[in-house]
Each structure stands twice: as structure tokens, then as C-alpha cells.
>>> print(open('target.cif').read())   # mmCIF, C-alpha atoms
data_query
loop_
_atom_site.group_PDB
_atom_site.id
_atom_site.type_symbol
_atom_site.label_atom_id
_atom_site.label_comp_id
_atom_site.auth_asym_id
_atom_site.auth_seq_id
_atom_site.Cartn_x
_atom_site.Cartn_y
_atom_site.Cartn_z
ATOM 1 C CA MET L 22 128.785 116.766 115.037
ATOM 2 C CA LYS L 23 125.294 116.660 113.671
ATOM 3 C CA LEU L 24 122.483 118.018 115.829
ATOM 4 C CA LEU L 25 119.214 116.289 116.726
ATOM 5 C CA SER L 26 116.412 118.668 117.725
ATOM 6 C CA VAL L 27 113.632 117.065 119.780
ATOM 7 C CA ILE L 28 110.368 119.046 119.747
ATOM 8 C CA ILE L 29 107.986 118.365 122.630
ATOM 9 C CA PRO L 30 104.630 120.220 122.530
ATOM 10 C CA CYS L 31 103.211 120.473 126.077
ATOM 11 C CA TYR L 32 99.871 121.443 127.522
ATOM 12 C CA ASN L 33 99.455 120.843 131.258
ATOM 13 C CA GLU L 34 102.209 118.207 131.326
ATOM 14 C CA GLU L 35 104.041 119.162 134.546
ATOM 15 C CA GLU L 36 104.156 115.524 135.686
ATOM 16 C CA ASN L 37 105.522 114.220 132.383
ATOM 17 C CA VAL L 38 108.191 116.863 131.647
ATOM 18 C CA PRO L 39 110.900 115.379 133.959
ATOM 19 C CA TYR L 40 110.011 111.789 132.993
ATOM 20 C CA PHE L 41 110.451 112.577 129.322
ATOM 21 C CA TYR L 42 113.782 114.276 129.981
ATOM 22 C CA ALA L 43 115.055 111.265 131.923
ATOM 23 C CA GLU L 44 114.032 108.872 129.152
ATOM 24 C CA MET L 45 115.748 110.986 126.496
ATOM 25 C CA LEU L 46 118.999 110.964 128.467
ATOM 26 C CA LYS L 47 118.987 107.168 128.195
ATOM 27 C CA GLN L 48 119.500 107.583 124.434
ATOM 28 C CA GLU L 49 122.592 109.781 124.809
ATOM 29 C CA ALA L 50 125.059 106.903 124.481
ATOM 30 C CA VAL L 51 123.567 105.807 121.160
ATOM 31 C CA LEU L 52 123.587 109.384 119.872
ATOM 32 C CA LYS L 53 127.246 109.874 120.825
ATOM 33 C CA GLU L 54 128.173 106.696 118.961
ATOM 34 C CA ARG L 55 126.646 108.253 115.854
ATOM 35 C CA ASP L 56 128.371 111.594 116.564
ATOM 36 C CA ILE L 57 125.040 113.350 117.150
ATOM 37 C CA ALA L 58 124.461 116.138 119.685
ATOM 38 C CA LEU L 59 121.083 116.696 121.326
ATOM 39 C CA GLU L 60 118.797 119.643 122.038
ATOM 40 C CA LEU L 61 115.350 119.491 123.621
ATOM 41 C CA ILE L 62 112.755 122.119 122.678
ATOM 42 C CA TYR L 63 109.727 122.154 124.961
ATOM 43 C CA VAL L 64 106.843 124.175 123.495
ATOM 44 C CA ASP L 65 104.456 125.229 126.243
ATOM 45 C CA ASP L 66 101.009 125.748 124.744
ATOM 46 C CA GLY L 67 99.665 128.106 127.407
ATOM 47 C CA SER L 68 99.627 125.531 130.216
ATOM 48 C CA LYS L 69 97.654 126.334 133.369
ATOM 49 C CA ASP L 70 99.711 124.105 135.671
ATOM 50 C CA ARG L 71 103.434 124.181 136.541
ATOM 51 C CA THR L 72 104.688 122.942 133.177
ATOM 52 C CA VAL L 73 106.746 126.107 132.585
ATOM 53 C CA GLU L 74 108.358 125.904 136.035
ATOM 54 C CA GLU L 75 109.348 122.266 135.459
ATOM 55 C CA ILE L 76 110.942 123.149 132.115
ATOM 56 C CA LYS L 77 112.853 126.016 133.708
ATOM 57 C CA LYS L 78 114.271 123.631 136.319
ATOM 58 C CA LEU L 79 115.586 121.402 133.547
ATOM 59 C CA HIS L 80 116.999 124.421 131.696
ATOM 60 C CA GLU L 81 118.985 125.467 134.785
ATOM 61 C CA ARG L 82 120.510 121.977 135.013
ATOM 62 C CA ASP L 83 121.018 121.400 131.302
ATOM 63 C CA GLY L 84 121.641 124.152 128.750
ATOM 64 C CA ARG L 85 120.453 121.859 125.954
ATOM 65 C CA VAL L 86 116.877 122.280 127.201
ATOM 66 C CA HIS L 87 115.067 125.157 125.487
ATOM 67 C CA MET L 88 111.530 126.466 125.863
ATOM 68 C CA VAL L 89 109.013 128.435 123.845
ATOM 69 C CA SER L 90 106.008 129.465 125.940
ATOM 70 C CA PHE L 91 102.838 130.811 124.297
ATOM 71 C CA SER L 92 100.763 133.716 125.606
ATOM 72 C CA ARG L 93 97.717 131.405 125.636
ATOM 73 C CA ASN L 94 96.601 128.031 124.350
ATOM 74 C CA PHE L 95 96.927 128.068 120.546
ATOM 75 C CA GLY L 96 96.622 124.312 119.986
ATOM 76 C CA LYS L 97 99.024 121.501 119.216
ATOM 77 C CA GLU L 98 99.356 122.464 115.556
ATOM 78 C CA ALA L 99 100.736 125.859 116.544
ATOM 79 C CA GLY L 100 103.063 124.140 119.024
ATOM 80 C CA ILE L 101 104.458 121.860 116.337
ATOM 81 C CA TYR L 102 104.996 124.771 113.957
ATOM 82 C CA ALA L 103 106.731 126.850 116.632
ATOM 83 C CA GLY L 104 109.015 123.952 117.509
ATOM 84 C CA LEU L 105 109.951 123.393 113.875
ATOM 85 C CA ARG L 106 110.801 127.064 113.497
ATOM 86 C CA LYS L 107 112.953 126.982 116.625
ATOM 87 C CA ALA L 108 114.762 123.738 115.771
ATOM 88 C CA ALA L 109 118.273 124.150 114.399
ATOM 89 C CA GLY L 110 119.112 120.462 114.038
ATOM 90 C CA ASP L 111 120.223 118.483 111.012
ATOM 91 C CA TYR L 112 117.624 115.982 112.226
ATOM 92 C CA VAL L 113 114.343 116.999 113.844
ATOM 93 C CA VAL L 114 111.933 114.719 115.689
ATOM 94 C CA LEU L 115 108.436 115.421 117.031
ATOM 95 C CA MET L 116 107.466 113.636 120.252
ATOM 96 C CA ASP L 117 104.701 113.824 122.857
ATOM 97 C CA ALA L 118 105.666 114.585 126.450
ATOM 98 C CA ASP L 119 103.511 111.734 127.803
ATOM 99 C CA LEU L 120 105.950 109.084 126.457
ATOM 100 C CA GLN L 121 103.354 107.521 124.174
ATOM 101 C CA ASP L 122 106.077 108.115 121.585
ATOM 102 C CA PRO L 123 108.850 105.834 122.926
ATOM 103 C CA PRO L 124 112.370 107.356 122.729
ATOM 104 C CA SER L 125 113.720 103.794 122.473
ATOM 105 C CA LEU L 126 112.737 103.819 118.784
ATOM 106 C CA LEU L 127 115.144 106.669 117.975
ATOM 107 C CA PRO L 128 118.241 104.507 117.274
ATOM 108 C CA GLU L 129 116.331 102.473 114.698
ATOM 109 C CA MET L 130 114.831 105.633 113.173
ATOM 110 C CA LEU L 131 118.278 107.212 112.867
ATOM 111 C CA ARG L 132 119.578 104.085 111.189
ATOM 112 C CA TYR L 133 116.963 104.359 108.437
ATOM 113 C CA LEU L 134 117.932 107.980 107.801
ATOM 114 C CA GLU L 135 121.690 107.549 107.862
ATOM 115 C CA GLU L 136 122.161 104.073 106.402
ATOM 116 C CA GLU L 137 119.183 103.490 104.111
ATOM 117 C CA GLY L 138 118.716 106.937 102.610
ATOM 118 C CA TYR L 139 115.230 107.782 103.844
ATOM 119 C CA ASP L 140 114.282 111.449 104.243
ATOM 120 C CA SER L 141 111.956 110.835 107.187
ATOM 121 C CA VAL L 142 110.845 108.018 109.458
ATOM 122 C CA ALA L 143 107.218 108.087 110.573
ATOM 123 C CA THR L 144 105.479 105.920 113.148
ATOM 124 C CA ARG L 145 102.059 104.314 113.238
ATOM 125 C CA ARG L 146 100.246 102.343 115.909
ATOM 126 C CA VAL L 147 99.170 98.846 114.918
ATOM 127 C CA THR L 148 96.868 98.611 117.943
ATOM 128 C CA ARG L 149 94.720 101.113 119.840
ATOM 129 C CA LYS L 150 94.888 99.323 123.173
ATOM 130 C CA GLY L 151 93.690 101.554 125.992
ATOM 131 C CA GLU L 152 91.580 103.816 123.786
ATOM 132 C CA PRO L 153 87.775 103.974 124.052
ATOM 133 C CA VAL L 154 86.167 101.653 121.500
ATOM 134 C CA ILE L 155 83.969 104.363 119.988
ATOM 135 C CA ARG L 156 86.890 106.733 119.486
ATOM 136 C CA SER L 157 88.980 104.008 117.872
ATOM 137 C CA PHE L 158 86.114 103.129 115.522
ATOM 138 C CA PHE L 159 85.627 106.707 114.332
ATOM 139 C CA ALA L 160 89.388 107.250 114.010
ATOM 140 C CA ARG L 161 89.654 104.300 111.631
ATOM 141 C CA ARG L 162 86.629 105.551 109.668
ATOM 142 C CA PHE L 163 88.270 108.968 109.369
ATOM 143 C CA TYR L 164 91.449 107.553 107.838
ATOM 144 C CA ALA L 165 89.436 105.331 105.501
ATOM 145 C CA LEU L 166 87.405 108.359 104.385
ATOM 146 C CA MET L 167 90.483 110.515 103.805
ATOM 147 C CA GLN L 168 92.058 107.808 101.666
ATOM 148 C CA ARG L 169 89.025 108.035 99.400
ATOM 149 C CA ILE L 170 88.422 111.773 99.187
ATOM 150 C CA SER L 171 91.973 113.174 99.305
ATOM 151 C CA GLN L 172 94.969 112.830 97.007
ATOM 152 C CA THR L 173 97.293 113.238 99.991
ATOM 153 C CA GLU L 174 98.538 110.104 101.738
ATOM 154 C CA PHE L 175 96.895 109.374 105.103
ATOM 155 C CA VAL L 176 98.032 106.293 107.012
ATOM 156 C CA ASP L 177 95.744 104.688 109.588
ATOM 157 C CA GLY L 178 97.205 104.918 113.076
ATOM 158 C CA ALA L 179 99.797 107.536 112.079
ATOM 159 C CA ARG L 180 101.364 109.434 114.956
ATOM 160 C CA ASP L 181 102.999 112.857 114.955
ATOM 161 C CA TYR L 182 106.129 111.021 116.140
ATOM 162 C CA ARG L 183 108.367 111.536 113.112
ATOM 163 C CA LEU L 184 112.109 111.955 112.551
ATOM 164 C CA MET L 185 113.006 114.206 109.614
ATOM 165 C CA LYS L 186 116.047 115.506 107.802
ATOM 166 C CA ARG L 187 116.459 119.258 107.424
ATOM 167 C CA PRO L 188 115.080 119.501 103.832
ATOM 168 C CA VAL L 189 111.799 117.933 105.004
ATOM 169 C CA VAL L 190 111.549 120.402 107.882
ATOM 170 C CA ASP L 191 112.234 123.328 105.562
ATOM 171 C CA ALA L 192 109.513 122.116 103.194
ATOM 172 C CA ILE L 193 106.992 121.955 106.052
ATOM 173 C CA LEU L 194 107.978 125.432 107.255
ATOM 174 C CA SER L 195 107.396 126.800 103.764
ATOM 175 C CA MET L 196 103.700 126.011 104.253
ATOM 176 C CA THR L 197 102.681 129.001 106.370
ATOM 177 C CA GLU L 198 98.910 128.469 106.305
ATOM 178 C CA TYR L 199 96.973 129.469 109.429
ATOM 179 C CA ASN L 200 94.642 126.441 109.419
ATOM 180 C CA ARG L 201 97.167 123.660 109.871
ATOM 181 C CA PHE L 202 96.675 119.897 109.806
ATOM 182 C CA THR L 203 100.139 118.449 110.267
ATOM 183 C CA LYS L 204 99.277 114.841 109.420
ATOM 184 C CA GLY L 205 98.138 116.025 106.005
ATOM 185 C CA ILE L 206 101.108 118.369 105.574
ATOM 186 C CA PHE L 207 103.505 115.467 106.176
ATOM 187 C CA GLY L 208 101.881 113.544 103.343
ATOM 188 C CA TRP L 209 101.597 116.552 101.039
ATOM 189 C CA VAL L 210 105.301 117.517 101.091
ATOM 190 C CA GLY L 211 106.236 113.986 100.062
ATOM 191 C CA PHE L 212 109.866 112.831 100.383
ATOM 192 C CA ARG L 213 110.926 109.237 100.910
ATOM 193 C CA THR L 214 109.357 108.037 104.149
ATOM 194 C CA LYS L 215 109.836 104.839 106.123
ATOM 195 C CA TRP L 216 106.857 103.738 108.260
ATOM 196 C CA LEU L 217 107.736 102.172 111.590
ATOM 197 C CA GLU L 218 105.034 100.201 113.400
ATOM 198 C CA TYR L 219 104.661 99.729 117.149
ATOM 199 C CA GLU L 220 101.953 98.811 119.628
ATOM 200 C CA ASN L 221 100.079 101.545 121.438
ATOM 201 C CA ILE L 222 101.637 102.752 124.690
ATOM 202 C CA GLU L 223 99.531 104.407 127.366
ATOM 203 C CA ARG L 224 100.416 107.726 128.989
ATOM 204 C CA VAL L 225 102.890 107.698 131.876
ATOM 205 C CA LYS L 226 101.072 110.392 133.881
ATOM 206 C CA GLY L 227 97.968 112.536 133.558
ATOM 207 C CA GLU L 228 95.035 112.299 131.166
ATOM 208 C CA THR L 229 94.720 112.987 127.468
ATOM 209 C CA LYS L 230 93.605 116.485 126.462
ATOM 210 C CA TRP L 231 91.771 115.119 123.430
ATOM 211 C CA ASN L 232 88.116 114.296 124.001
ATOM 212 C CA PHE L 233 85.741 113.013 121.327
ATOM 213 C CA TRP L 234 84.426 116.473 120.424
ATOM 214 C CA LYS L 235 87.925 117.949 119.974
ATOM 215 C CA LEU L 236 88.944 115.014 117.799
ATOM 216 C CA PHE L 237 85.777 115.420 115.723
ATOM 217 C CA LEU L 238 86.526 119.107 115.086
ATOM 218 C CA TYR L 239 90.148 118.233 114.336
ATOM 219 C CA SER L 240 89.030 115.676 111.754
ATOM 220 C CA LEU L 241 86.822 118.312 110.113
ATOM 221 C CA ASP L 242 89.879 120.565 109.835
ATOM 222 C CA GLY L 243 91.698 117.737 108.069
ATOM 223 C CA ILE L 244 88.875 117.168 105.590
ATOM 224 C CA LEU L 245 88.540 120.872 104.774
ATOM 225 C CA ALA L 246 92.315 121.345 104.486
ATOM 226 C CA PHE L 247 93.059 118.424 102.182
ATOM 227 C CA SER L 248 89.924 117.688 100.179
ATOM 228 C CA THR L 249 87.401 119.590 98.062
ATOM 229 C CA MET L 250 85.158 116.537 97.858
ATOM 230 C CA PRO L 251 82.520 118.053 100.200
ATOM 231 C CA LEU L 252 82.045 120.878 97.678
ATOM 232 C CA ALA L 253 81.616 118.327 94.911
ATOM 233 C CA PHE L 254 79.103 116.539 97.161
ATOM 234 C CA VAL L 255 77.107 119.789 97.459
ATOM 235 C CA SER L 256 77.043 120.132 93.664
ATOM 236 C CA VAL L 257 75.857 116.554 93.191
ATOM 237 C CA ILE L 258 73.107 117.013 95.801
ATOM 238 C CA GLY L 259 71.942 120.158 93.999
ATOM 239 C CA LEU L 260 71.859 118.328 90.672
ATOM 240 C CA ILE L 261 69.932 115.404 92.150
ATOM 241 C CA PHE L 262 67.267 117.701 93.595
ATOM 242 C CA CYS L 263 66.944 119.603 90.310
ATOM 243 C CA VAL L 264 66.317 116.330 88.474
ATOM 244 C CA LEU L 265 63.934 115.196 91.210
ATOM 245 C CA ALA L 266 62.024 118.485 91.029
ATOM 246 C CA PHE L 267 61.662 118.147 87.239
ATOM 247 C CA VAL L 268 60.365 114.573 87.595
ATOM 248 C CA LEU L 269 57.836 115.675 90.226
ATOM 249 C CA ILE L 270 56.618 118.510 87.997
ATOM 250 C CA VAL L 271 56.045 116.091 85.133
ATOM 251 C CA PHE L 272 54.344 113.646 87.513
ATOM 252 C CA THR L 273 52.049 116.385 88.865
ATOM 253 C CA ILE L 274 51.041 117.507 85.358
ATOM 254 C CA VAL L 275 50.289 113.956 84.225
ATOM 255 C CA ARG L 276 48.385 113.229 87.443
ATOM 256 C CA THR L 277 46.301 116.381 86.994
ATOM 257 C CA VAL L 278 45.448 115.515 83.381
ATOM 258 C CA ILE L 279 44.437 111.950 84.238
ATOM 259 C CA PHE L 280 42.803 112.300 87.658
ATOM 260 C CA GLY L 281 42.010 116.007 87.814
ATOM 261 C CA ASP L 282 43.344 116.314 91.414
ATOM 262 C CA PRO L 283 46.978 117.459 91.712
ATOM 263 C CA THR L 284 47.028 117.659 95.529
ATOM 264 C CA SER L 285 47.199 114.836 98.029
ATOM 265 C CA GLY L 286 47.175 116.837 101.279
ATOM 266 C CA TRP L 287 49.396 119.225 103.186
ATOM 267 C CA PRO L 288 51.378 116.685 105.313
ATOM 268 C CA SER L 289 53.315 115.399 102.309
ATOM 269 C CA LEU L 290 53.994 118.979 101.203
ATOM 270 C CA VAL L 291 55.325 119.937 104.633
ATOM 271 C CA CYS L 292 57.626 116.898 104.661
ATOM 272 C CA ILE L 293 59.023 117.764 101.236
ATOM 273 C CA ILE L 294 59.612 121.396 102.205
ATOM 274 C CA ALA L 295 61.348 120.334 105.440
ATOM 275 C CA LEU L 296 63.555 117.850 103.560
ATOM 276 C CA ILE L 297 64.633 120.317 100.900
ATOM 277 C CA SER L 298 65.205 123.062 103.473
ATOM 278 C CA GLY L 299 67.375 120.730 105.527
ATOM 279 C CA VAL L 300 69.462 119.767 102.502
ATOM 280 C CA GLN L 301 69.884 123.425 101.543
ATOM 281 C CA LEU L 302 71.079 124.335 105.040
ATOM 282 C CA LEU L 303 73.479 121.380 105.019
ATOM 283 C CA CYS L 304 74.952 122.481 101.708
ATOM 284 C CA LEU L 305 75.214 126.093 102.881
ATOM 285 C CA GLY L 306 76.954 124.876 106.031
ATOM 286 C CA ILE L 307 79.565 122.951 104.027
ATOM 287 C CA VAL L 308 80.254 125.931 101.784
ATOM 288 C CA GLY L 309 80.325 128.158 104.876
ATOM 289 C CA GLN L 310 83.042 126.012 106.473
ATOM 290 C CA TYR L 311 85.309 126.524 103.469
ATOM 291 C CA LEU L 312 84.554 130.256 103.496
ATOM 292 C CA SER L 313 85.369 130.469 107.206
ATOM 293 C CA LYS L 314 88.782 128.863 106.598
ATOM 294 C CA MET L 315 89.435 131.343 103.774
ATOM 295 C CA TYR L 316 88.358 134.174 106.101
ATOM 296 C CA MET L 317 90.908 133.144 108.729
ATOM 297 C CA GLU L 318 93.658 132.828 106.119
ATOM 298 C CA VAL L 319 92.932 136.282 104.659
ATOM 299 C CA LYS L 320 93.169 137.869 108.126
ATOM 300 C CA ASN L 321 96.809 136.770 108.155
ATOM 301 C CA ARG L 322 96.990 136.561 111.942
ATOM 302 C CA PRO L 323 100.111 135.019 113.497
ATOM 303 C CA ILE L 324 99.821 131.295 114.165
ATOM 304 C CA TYR L 325 100.981 131.822 117.758
ATOM 305 C CA LEU L 326 102.301 134.503 120.123
ATOM 306 C CA VAL L 327 105.334 133.912 122.343
ATOM 307 C CA LYS L 328 105.174 135.024 125.975
ATOM 308 C CA GLU L 329 108.574 133.713 127.110
ATOM 309 C CA GLU L 330 111.526 131.992 125.497
ATOM 310 C CA LEU L 331 114.587 130.215 126.851
#
>>> encode(input="target.cif", output="C-alpha cells")
Amino acid sequence: MKLLSVIIPCYNEEENVPYFYAEMLKQEAVLKERDIALELIYVDDGSKDRTVEEIKKLHERDGRVHMVSFSRNFGKEAGIYAGLRKAAGDYVVLMDADLQDPPSLLPEMLRYLEEEGYDSVATRRVTRKGEPVIRSFFARRFYALMQRISQTEFVDGARDYRLMKRPVVDAILSMTEYNRFTKGIFGWVGFRTKWLEYENIERVKGETKWNFWKLFLYSLDGILAFSTMPLAFVSVIGLIFCVLAFVLIVFTIVRTVIFGDPTSGWPSLVCIIALISGVQLLCLGIVGQYLSKMYMEVKNRPIYLVKEEL
């Protein structure tokens, strides 16, 4: 039999852990028809509630339930990486514990892999029903921006919900970078991918752990990880200000020769100094972000630390 490994990153999901398990069991009949065994790998990302206890209860009832529990909260990217490393399946699927990634899509996803020769099946939401309007707007702008400034494929509405064959998983695991942005990594490794569309589904229990500020920082990680365009932007800004400075020097000389008064007052000078200083700090900040990512990579710290494993 082939093995399907289901990776479920969890952070404070005690209410959703048993619901997810129950929904996955509903797919057992379809999996048996395809001669596929199942294992569930819950990755606890340093939860502060009873998520670990709920997973242990499932493990006692069902030996196919495994757990990797972190020593603290390392983030969802670390959880995904840990789950991929733990997974032993011929097929591996990433799913959220809140059931926003419907298990009912698995039979169709498996069909694309086994019957139509795809290497992975990815999902994307065609609607953002239930999301705040502002967050949806900026999410769409982010994907539009990444399509322009990156050579890696980014699909609007893409979820982490993705079913992959073993070669795809191995390719992802070969990328051991500390600063991880999985949506970009999926596109970078390539392989033949089928996109499956579905309407947005709201969480079964609990509230999302992603607020606007966390999503903003996450989007910055994506830009820095998969585009050098901001550095090119800094260079262009520097060139523009050099040309502008040269034009102003020529203008000042001509004005002095004609009118004999090169100054027009200190307010305009203060404004110019403030503008240029602001642009310089902006450019230094962009360069500094890239340097900070390099700094973290050079440290070569582990992506996560395991406290307990089942």
C-alpha cells in the first residue's frame, strides 16, 4: 500500500484537533479503494492551550496519529518544515487544523496525481468571504506585486493546502534556508502542478492567529526571499537624486549669474534636506532588511527545536 502523510500545523487549536481527526476519518473509505494507508502528523507550534493533550488522546486511540511538539512558538513555516521532515508517505498533504482546507477535496486531488500524471495539486480560494475587506484588498495587492517583481510563480488566493508526491517533498526539504516562505518555495521548485479552486470556508472553531500586522511582516519576508527588486529600486532612487542634484547645481549657478542671488530662504532648504534624508534612511532600511536576513542565515541556527515527539 502507498502511504498518505497528512501534516497539520497547530497553534492553540485544542478545539479543532478532534474535529479535524473526525473529518479525516470520513475519507478512509476512499483511501482504501485506492489502496492508500493514512498517517496524521500534528505539529504543535508551542501552543499555550491544551492542543498537545488533545493530540495525545487521539494518539492513544489511533496509532496512526503522530505529534511533533516544539519547545516554543517558532511559526507556521517551521511547523510545515518539521512536518515535511517527519512525513514518510508516498504522498504528502499540508492542511490547516481549522478545516478551512476541506478534506473532501482529497479524492479529487489524488485522482489528478494518480490518473493524470501531476506531481502536485495545489488549492486556491476564488472568494475571500468572511475576511476583513482591508485584509483582502492588501492580500490581492501583494500577489499582484509579487507577480511583477519576482520570477517565481505566485498565484492569488493560493493556500498552503497542497498534495505532493515524494519527489516534490524531497525537493522542498533540500531547501534548508532559515528564512522560509513556503508559498514561494512551492513555486520555485517547479514540477507539474494542478490548481484546484474552491470557495473560502470559515474556521470551525476559534479565531485566526493572523492579524494584519503579522500578515504584513509575512509579506515582507516573501518579498525579501524571492525578489531583489527592492535593491534595484534603491539603486534607481540613488541615480535619480544624483541627476536631480546635478540639475539643481546647474540651476543655482545660472540663477546666480543672471540674478546675483542664489538663495531663496531657509524653509526650502530645510524641506530639501528632510526629503533627501528620508529617502536615504528608506534606502538604508531596505538594504538593512536584506543584511538582516543574511545575518540570520549565517548564524545557522536550527529552524525549530523539538520538546516532545510521538
>>> resolve_selection(input="target.cif", expression="the PyMOL selection byres ((chain L and resi 89-99) around 9)", output="PyMOL selection string")
chain L and resi 30-32+62-68+73+87-88+100-104+107+199-203+324-331
>>> resolve_selection(input="target.cif", expression="the PyMOL selection byres ((chain L and resi 45-60) around 9)", output="ChimeraX atom specification")
/L:22-28,40-44,61-62,84-87,108-110,124-125,127-128,131
>>> closest_residue(input="target.cif", among="L:Pro39, L:Leu120, L:Lys314, L:Gln301", to="Arg82 in chain L", atoms="all atoms listed in the file")
L:Pro39
>>> atom_distance(input="target.cif", atom1="CA of Gln172 in chain L", atom2="CA of Gly205 in chain L")
10.1 Å
>>> residues_around(input="target.cif", residues="range 159-169 of chain L", least_positions_apart="2", cutoff="9 Å", atoms="all atoms listed in the file", output="ChimeraX atom specification")
/L:154-157,171-178,236-237,240,243-244,247-248
>>> closest_residue(input="target.cif", among="L:Phe267, L:Val278, L:Asp140, L:Leu260", to="Val210 in chain L", atoms="only C-alpha atoms")
L:Asp140
>>> atom_distance(input="target.cif", atom1="CA of Arg145 in chain L", atom2="CA of Arg132 in chain L")
17.6 Å
>>> resolve_selection(input="target.cif", expression="the PyMOL selection byres ((chain L and resi 133) around 12)", output="list of chain:residue names")
L:Leu126, L:Leu127, L:Pro128, L:Glu129, L:Met130, L:Leu131, L:Arg132, L:Leu134, L:Glu135, L:Glu136, L:Glu137, L:Gly138, L:Tyr139, L:Asp140, L:Ser141, L:Val142, L:Ala143, L:Leu184, L:Met185, L:Lys186, L:Arg213, L:Thr214, L:Lys215, L:Trp216, L:Leu217
>>> write_last_selection(input="target.cif", atoms="C-alpha atoms", output="tab-separated table (two decimals), in the coordinates of the input")
chain	number	residue	atom	x	y	z
L	126	LEU	CA	112.74	103.82	118.78
L	127	LEU	CA	115.14	106.67	117.98
L	128	PRO	CA	118.24	104.51	117.27
L	129	GLU	CA	116.33	102.47	114.70
L	130	MET	CA	114.83	105.63	113.17
L	131	LEU	CA	118.28	107.21	112.87
L	132	ARG	CA	119.58	104.08	111.19
L	134	LEU	CA	117.93	107.98	107.80
L	135	GLU	CA	121.69	107.55	107.86
L	136	GLU	CA	122.16	104.07	106.40
L	137	GLU	CA	119.18	103.49	104.11
L	138	GLY	CA	118.72	106.94	102.61
L	139	TYR	CA	115.23	107.78	103.84
L	140	ASP	CA	114.28	111.45	104.24
L	141	SER	CA	111.96	110.84	107.19
L	142	VAL	CA	110.84	108.02	109.46
L	143	ALA	CA	107.22	108.09	110.57
L	184	LEU	CA	112.11	111.96	112.55
L	185	MET	CA	113.01	114.21	109.61
L	186	LYS	CA	116.05	115.51	107.80
L	213	ARG	CA	110.93	109.24	100.91
L	214	THR	CA	109.36	108.04	104.15
L	215	LYS	CA	109.84	104.84	106.12
L	216	TRP	CA	106.86	103.74	108.26
L	217	LEU	CA	107.74	102.17	111.59
>>> decode(input="target.cif", residues="range 318-331 of chain L", atoms="N, CA, C and O atoms", output="JSON list (two decimals), in the first residue's frame")
[["chain", "number", "residue", "atom", "x", "y", "z"],
["L", 318, "GLU", "N", 20.82, 33.79, 8.35],
["L", 318, "GLU", "CA", 21.24, 32.59, 7.64],
["L", 318, "GLU", "C", 22.65, 32.17, 8.06],
["L", 318, "GLU", "O", 22.92, 30.99, 8.26],
["L", 319, "VAL", "N", 23.55, 33.14, 8.20],
["L", 319, "VAL", "CA", 24.94, 32.85, 8.55],
["L", 319, "VAL", "C", 25.04, 32.25, 9.96],
["L", 319, "VAL", "O", 25.91, 31.42, 10.23],
["L", 320, "LYS", "N", 24.14, 32.65, 10.86],
["L", 320, "LYS", "CA", 24.15, 32.08, 12.21],
["L", 320, "LYS", "C", 23.93, 30.58, 12.20],
["L", 320, "LYS", "O", 24.36, 29.86, 13.10],
["L", 321, "ASN", "N", 23.19, 30.11, 11.20],
["L", 321, "ASN", "CA", 22.93, 28.68, 11.02],
["L", 321, "ASN", "C", 22.24, 28.06, 12.24],
["L", 321, "ASN", "O", 22.56, 26.94, 12.65],
["L", 322, "ARG", "N", 21.29, 28.79, 12.82],
["L", 322, "ARG", "CA", 20.52, 28.24, 13.92],
["L", 322, "ARG", "C", 19.53, 27.21, 13.40],
["L", 322, "ARG", "O", 19.11, 27.28, 12.24],
["L", 323, "PRO", "N", 19.12, 26.25, 14.23],
["L", 323, "PRO", "CA", 18.09, 25.30, 13.79],
["L", 323, "PRO", "C", 16.77, 26.03, 13.54],
["L", 323, "PRO", "O", 16.45, 27.02, 14.21],
["L", 324, "ILE", "N", 16.00, 25.52, 12.59],
["L", 324, "ILE", "CA", 14.73, 26.15, 12.25],
["L", 324, "ILE", "C", 13.72, 25.98, 13.37],
["L", 324, "ILE", "O", 12.85, 26.83, 13.58],
["L", 325, "TYR", "N", 13.84, 24.90, 14.13],
["L", 325, "TYR", "CA", 12.94, 24.64, 15.25],
["L", 325, "TYR", "C", 13.64, 23.71, 16.25],
["L", 325, "TYR", "O", 14.66, 23.07, 15.92],
["L", 326, "LEU", "N", 13.11, 23.63, 17.45],
["L", 326, "LEU", "CA", 13.59, 22.71, 18.48],
["L", 326, "LEU", "C", 12.42, 21.87, 18.97],
["L", 326, "LEU", "O", 11.34, 22.42, 19.25],
["L", 327, "VAL", "N", 12.61, 20.57, 19.05],
["L", 327, "VAL", "CA", 11.54, 19.65, 19.44],
["L", 327, "VAL", "C", 11.58, 19.42, 20.95],
["L", 327, "VAL", "O", 12.64, 19.08, 21.51],
["L", 328, "LYS", "N", 10.43, 19.61, 21.60],
["L", 328, "LYS", "CA", 10.31, 19.34, 23.02],
["L", 328, "LYS", "C", 9.83, 17.91, 23.27],
["L", 328, "LYS", "O", 10.30, 17.22, 24.17],
["L", 329, "GLU", "N", 8.88, 17.45, 22.45],
["L", 329, "GLU", "CA", 8.29, 16.13, 22.64],
["L", 329, "GLU", "C", 7.85, 15.58, 21.30],
["L", 329, "GLU", "O", 7.45, 16.32, 20.40],
["L", 330, "GLU", "N", 7.95, 14.26, 21.17],
["L", 330, "GLU", "CA", 7.60, 13.63, 19.89],
["L", 330, "GLU", "C", 6.89, 12.31, 20.14],
["L", 330, "GLU", "O", 7.27, 11.54, 21.03],
["L", 331, "LEU", "N", 5.83, 12.08, 19.39],
["L", 331, "LEU", "CA", 5.10, 10.81, 19.47],
["L", 331, "LEU", "C", 5.19, 10.12, 18.12],
["L", 331, "LEU", "O", 4.69, 10.65, 17.15]]
